[in-house]
Structures are given as structure tokens and as C-alpha cells.
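Only one structure is covered here, and it is reproduced in the block below.
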Amino acid sequence: MAKSDSQFSCAHSFSRHLPEKIVTNDDLSQRMDTSDEWITQRAGIKERRWVEAPMTTSDLGVQAARQTLQLCENKPVDAIIAATLSPDYNFPGIGVQLQHKLGLPHVPAFDLRNQCSGFLYGLEMADAFIRAGTYSRILLVGAEVHSTGLDVSTRGRDIAVLFGDGAGSCIVEAQTEESLNYTDSFTVIDSELHSDGEFVKELWCENVGSAHWPVRVDAEMVAEGRIFPQMNGRKVFEHAVKRMAEVSLSLLTKHGLSANDVAYVVPHQANLRINQMVGKQLKIAPEKVWNTIEKYGNTTAATIPIGMSHLVEEQSLEKDSFVLSCAFGSGFTWGAGLLRKC
Ligand SMILES: CC(C)(COP(=O)(O)OP(=O)(O)OC[C@H]1O[C@@H](n2cnc3c(N)ncnc32)[C@H](O)[C@@H]1OP(=O)(O)O)[C@@H](O)C(=O)NCCC(=O)NCCS
């Protein structure tokens with residue numbers, strides 16, 4: 001459906017928080033049968049950040065969100081949208097914890113479960129709220145702690161080497177003269193989202209869940225490692241390349257643009273080779289594909305705001321330049337978002 005033009009939104013104050021502890025590929029090879037060479041060649045990852053001590057997903061989210069709120073001079077937000085696949089608890093989600101830990105008034109807190117596409121789903125939702133006039137300044141957070149939920153033995157090496165912990169955030173705000181003044185402000189032009197539940201079991205963590213009866217988890221499931229994420233890596237890879245390229249082209253075409261019109265693509269970071277192949281399909285120069293995977297791995301819902309925070313820090317984007325983001329993940333879910341620098 002065409003979006004209403006009555007009220008635009010802009011995204012700004014992108015921030016990130018990464019745990020201090022760096023885990024290199026060599027560190028992982030002490031714990032499982034893997035190597036720096038395998039991980040670098042297959043996935044493009046050199047290191048990732050993993051939490052130390054009792055640091056939760058909401059704690060990381062709070063750290064990123066505090067920076068975002070400071071950047072926008074602690075102006076009041078009237079809603080929170082939080083995306084994660086690794087909440088502190090089975091329920092409630094981290095949205096309410098962000099509200100409480102940040103000391104925000106009793107604003108609504110939405111939780112999204114769209115995994116690697118979580119941030120783009122959140123952006124679409126925030127933009128829709130703004131356009132409808134429901135809220136005017138929304139805190140959007142993506143945060144993950146993967147490290148404590150991975151099988152770090154050789155049995156889980158295909159997944160464990162790929163994931164990192166981290167958080168990213170931004171404000172999505174009704175566009176006013178004031179909001180246009182932020183140095184990293186982008187008009188949210190449009191987004192396109194998809195899902196296909198046929199592939200639920202190709203990338204999933206089945207426990208703890210209500211599909212199990214009469215109890216949700218038992219000793220046998222734990223012994224079999226069914227409390228850890230499982231993935232059909234090749235199938236995920238194949239679909240990720242196809243879907244991220246397809247949805248990006250669809251969104252650009254809808255707006256009469258080609259990849260040449262885009263200053264940067266900020267894709268989800270699951271595998272460097274996926275992003276190189278998406279770049280080729282979009283026919284965009286490799287240096288315009290903004291990657292952070294080498295130092296952070298895959299931080300799922302946190303990945304895109306982390307990438308955006310680096311982009312705005314390290315590149316001076318010209319006014320009106322387009323930034324395209326795209327993501328693919330468990331579900332399967334996928335999507336793209338189109339931003340224009342204010
Ligand atoms: C996971 C991924 C890197 C594996 O790369 P691949 O080239 O497909 O490798 P395969 O799964 O075919 O495994 C090749 C071999 O490496 C082994 N291997 C798997 N993980 C390994 C690791 N960490 N270290 C060393 N060897 C490993 C496999 O056991 C297999 O050995 P075999 O040939 O003796 O059976 C790749 O499939 C991928 O990135 N998939 C998508 C991941 C993704 O996007 N996930 C999140 C989506 S948001």
C-alpha cells in the first residue's frame with residue numbers, strides 16, 4: 001500500500017554499544033575444532049564481542065539507548081520499539097526493561113521477534129506510527145546477547161563462530177525543522193518487508209517453546225543440544241543472497257532508483273560472502289557495501305543500527321544521498337529500508 005505523505009519520519013541519533021571483550025578466531029579454536037583460516041574464508045569474520053559477567057541483552061540495549069537519548073538532548077520519547085531474539089527472560093520482552101532502566105515515563109514498549117530483520121521491521125513500524133500520528137518520537141533499539149546461548153563445543157561450530165553480542169539504537173521522529181538539524185538525520189522514505197514460515201526449521205532454536213508437551217524442555221533435549229540454535233547453513237546462504245537482492249531492487253525500482261543512485265548499502269551482516277554476492281547482484285561497487293562483520297560477526301537485530309552508527313561517524317554523506325539497508329534472517333523474514341540524508 002502506498003504510504004501517506006501527510007507526515008514524514010526521520011531516523012537519527014544512531015548509537016551502538018559493544019561489550020569490551022574481544023573474542024578472536026584463535027580464541028575460538030581453543031574451544032572447538034575450527035581455525036582462523038576457515039572462519040575468515042567462509043564468513044569474513046576475524047573477531048566478535050562477547051559479554052563478560054552478568055551482562056544481559058537489555059543492559060546492552062540500555063547502553064546504546066542512553067547514547068541515542070543524549071544525542072537528542074534527552075527529549076522525551078513517547079514509545080519504545082525493541083527488537084531481539086535473545087531477551088533476558090522468556091517473557092516479558094526487553095521493551096519494558098528498557099523503559100524501566102532508562103527511567104522513562106510509562107510509555108508503551110513494543111517487542112519484535114523478527115531476528116536479523118528485526119531492526120528493519122521496527123523501522124517500518126515506527127515509520128507507520130509516525131505517519132499515522134500515533135507517536136511522534138520513538139526509541140528504536142536492537143540488542144542481542146548470543147554468546148551465552150551458543151554451543152561452543154565442536155558440535156555447534158557452524159553457528160557459534162558466526163555470532164556476536166551488541167546493541168544499536170536510534171530515534172525515529174516526526175520530521176520537523178528541529179529534527180532535520182541532527183547531523184545524522186535521514187528521512188525514512190519507504191521500506192518493504194516479507195516473511196515465509198515454510199522455512200521455520202532451517203534456522204531456529206526450538207527450545208524452550210510451547211511446541212513441546214507435556215514439558216517445554218527436558219534433560220534429553222538439553223543433552224541433544226536442542227536448546228541451541230540450529231541452521232541449514234547452505235539453504236540460509238542461498239535464500240539470503242536471493243531475497244536481499246530481490247527486495248532491495250524491488251524497493252529501489254518502486255522509487256525510480258537504481259543501485260547507482262545509492263551512496264551506501266548497509267546490509268545485515270551474516271556472512272561477508274553473502275554481502276559480496278548481494279552487491280554483485282545489485283551491480284553496486286564493493287566499496288559502497290558497508291560491512292562491519294569482520295570485527296563484530298552477526299549481531300542479529302543490533303547489526304543495522306551498529307552499521308549505521310559507524311557509517312555516520314566515518315563518512316560525510318552529502319545531503320539527499322540515499323542509503324539502502326537490507327536484511328534476511330530466521331523465519332525466514334527479510335526486508336529493505338530506504339533512507340535519504342537530510
Ligand atoms: C555457515 C556457513 C559459513 C558454512 O559455510 P559452507 O561453505 O556452507 O560450509 P558447510 O556448511 O558446507 O561446511 C563445510 C565443512 O566445514 C565444516 N565446518 C562447519 N563449521 C566449521 C567451523 N566453524 N570450523 C571449521 N569447519 C567447520 C563442516 O562440518 C563441513 O565439513 P565436512 O565437509 O567435512 O562435512 C555458511 O553456510 C553460511 O554463512 N550460511 C548462512 C549463515 C547465515 O546467514 N546465518 C544467519 C542468517 S541471519
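Following the order of the C-alpha cells, first chain is A, next is B, and so on, with residues numbered from 1 inside each chain and ligands from 1 in the order they appear.
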Item to check | Distance query Glu52 in chain A at most 10 Å, only C-alpha atoms, self and fewer than 4 positions along chain excluded, as a list of chain:residue names | outcome: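 Selected residues are A:Pro19, A:Glu20, A:Lys21, A:Thr56, A:Ser147, A:Thr148.
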Got time to write the residues from that selection, C-alpha atoms, as a PDB file, in the first residue's frame?
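Heads up, here's the output in out-v8.pdb:
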```pdb
ATOM      1  CA  PRO A  19      30.959  -5.413  25.034  1.00  0.00           C
ATOM      2  CA  GLU A  20      34.652  -4.775  25.649  1.00  0.00           C
ATOM      3  CA  LYS A  21      35.737  -8.406  25.459  1.00  0.00           C
ATOM      4  CA  THR A  56      22.114  -9.030  29.658  1.00  0.00           C
ATOM      5  CA  SER A 147      27.335 -15.776  23.388  1.00  0.00           C
ATOM      6  CA  THR A 148      25.674 -17.402  26.399  1.00  0.00           C
TER       7      THR A 148
END
```
Next on the checklist: Residues within 7 Å of Ser136 in chain A, please, as number ranges by chain. Count only C-alpha atoms; anything in the same chain fewer than 6 positions from it doesn't count.
Outcome noted: A: 78, 130, 173-174
Export N, CA and C atoms of the chosen residues as a CSV table (one decimal), in the first residue's frame?
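What ended up in out-v7.csv:
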```
chain,number,residue,atom,x,y,z
A,78,ASP,N,7.9,9.0,23.1
A,78,ASP,CA,6.6,8.6,23.5
A,78,ASP,C,6.3,7.1,23.2
A,130,ILE,N,4.5,7.0,13.1
A,130,ILE,CA,4.7,8.5,12.9
A,130,ILE,C,3.7,9.0,11.8
A,173,GLU,N,11.5,9.9,14.4
A,173,GLU,CA,10.8,11.1,14.9
A,173,GLU,C,10.0,11.7,13.7
A,174,ALA,N,8.9,12.3,14.0
A,174,ALA,CA,8.1,13.1,13.0
A,174,ALA,C,9.0,14.2,12.6
```
Item to check | Selection as a PyMOL selection string: residues within 8 Å of ligand 1 by only C-alpha atoms and all ligand atoms | outcome: chain A and resi 33-35+38-39+42-43+115-116+154+156-162+203+231-238+240+268-271+273-274+298+300+327-330
Checklist entry - Any idea what the distance is between CA of Gly335 in chain A and CA of Ala126 in chain A? => result 14.9 Å
Checklist entry - So which residues of range 263-331 of chain A fall under strand (DSSP E or B) by DSSP, listed as a list of chain:residue names? => result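 Assigned to strand (DSSP E or B), within range 263-331 of chain A: A:Ala263, A:Tyr264, A:Val265, A:Val266, A:Pro267, A:Val289, A:Asn298, A:Phe322, A:Val323, A:Leu324, A:Ser325, A:Cys326, A:Ala327, A:Phe328, A:Gly329.
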Next on the checklist: Could you list, as a count of residues only, every residue within 12 Å of Arg137 in chain A, counting only C-alpha atoms and ignoring same-chain residues fewer than 5 positions away?
Outcome noted: 31
Checklist outcome for this item: A straight line from CA of Gly61 in chain A to CA of Gly149 in chain A spans 17.4 Å
Checklist entry - Counting only C-alpha atoms, which of A:Arg226, A:Phe332, A:Gly93, A:Ala285 gets nearest to His212 in chain A? => result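 That would be A:Arg226, the residue with the smallest distance to His212 in chain A.
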Next on the checklist: Can you pull out the residues contacting Tyr89 in chain A? Cut-off 12 Å, using only C-alpha atoms, and skip same-chain residues under 3 positions away; I want them as a PyMOL selection string.
Outcome noted: chain A and resi 56-58+84-86+92-97+145+208
Export of prior selection with C-alpha atoms as an mmCIF file, in the first residue's frame:
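Heads up, here's the output in out_1.cif:
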```
data_model
loop_
_atom_site.group_PDB
_atom_site.id
_atom_site.type_symbol
_atom_site.label_atom_id
_atom_site.label_comp_id
_atom_site.auth_asym_id
_atom_site.auth_seq_id
_atom_site.Cartn_x
_atom_site.Cartn_y
_atom_site.Cartn_z
ATOM 1 C CA THR A 56 22.114 -9.030 29.658
ATOM 2 C CA THR A 57 20.548 -8.042 26.352
ATOM 3 C CA SER A 58 18.568 -5.236 27.983
ATOM 4 C CA THR A 84 15.802 -9.067 19.840
ATOM 5 C CA LEU A 85 15.854 -12.848 19.577
ATOM 6 C CA SER A 86 17.728 -13.134 22.872
ATOM 7 C CA PRO A 92 8.350 -10.287 29.289
ATOM 8 C CA GLY A 93 10.413 -8.871 26.453
ATOM 9 C CA ILE A 94 13.160 -6.286 26.832
ATOM 10 C CA GLY A 95 10.981 -3.294 25.871
ATOM 11 C CA VAL A 96 9.677 -2.896 29.421
ATOM 12 C CA GLN A 97 13.169 -3.334 30.842
ATOM 13 C CA VAL A 145 23.442 -11.456 23.743
ATOM 14 C CA VAL A 208 12.216 -23.528 25.260
#
```
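Coordinates place CA of Gln67 in chain A at a distance of 23.7 Å from CA of Leu324 in chain A.
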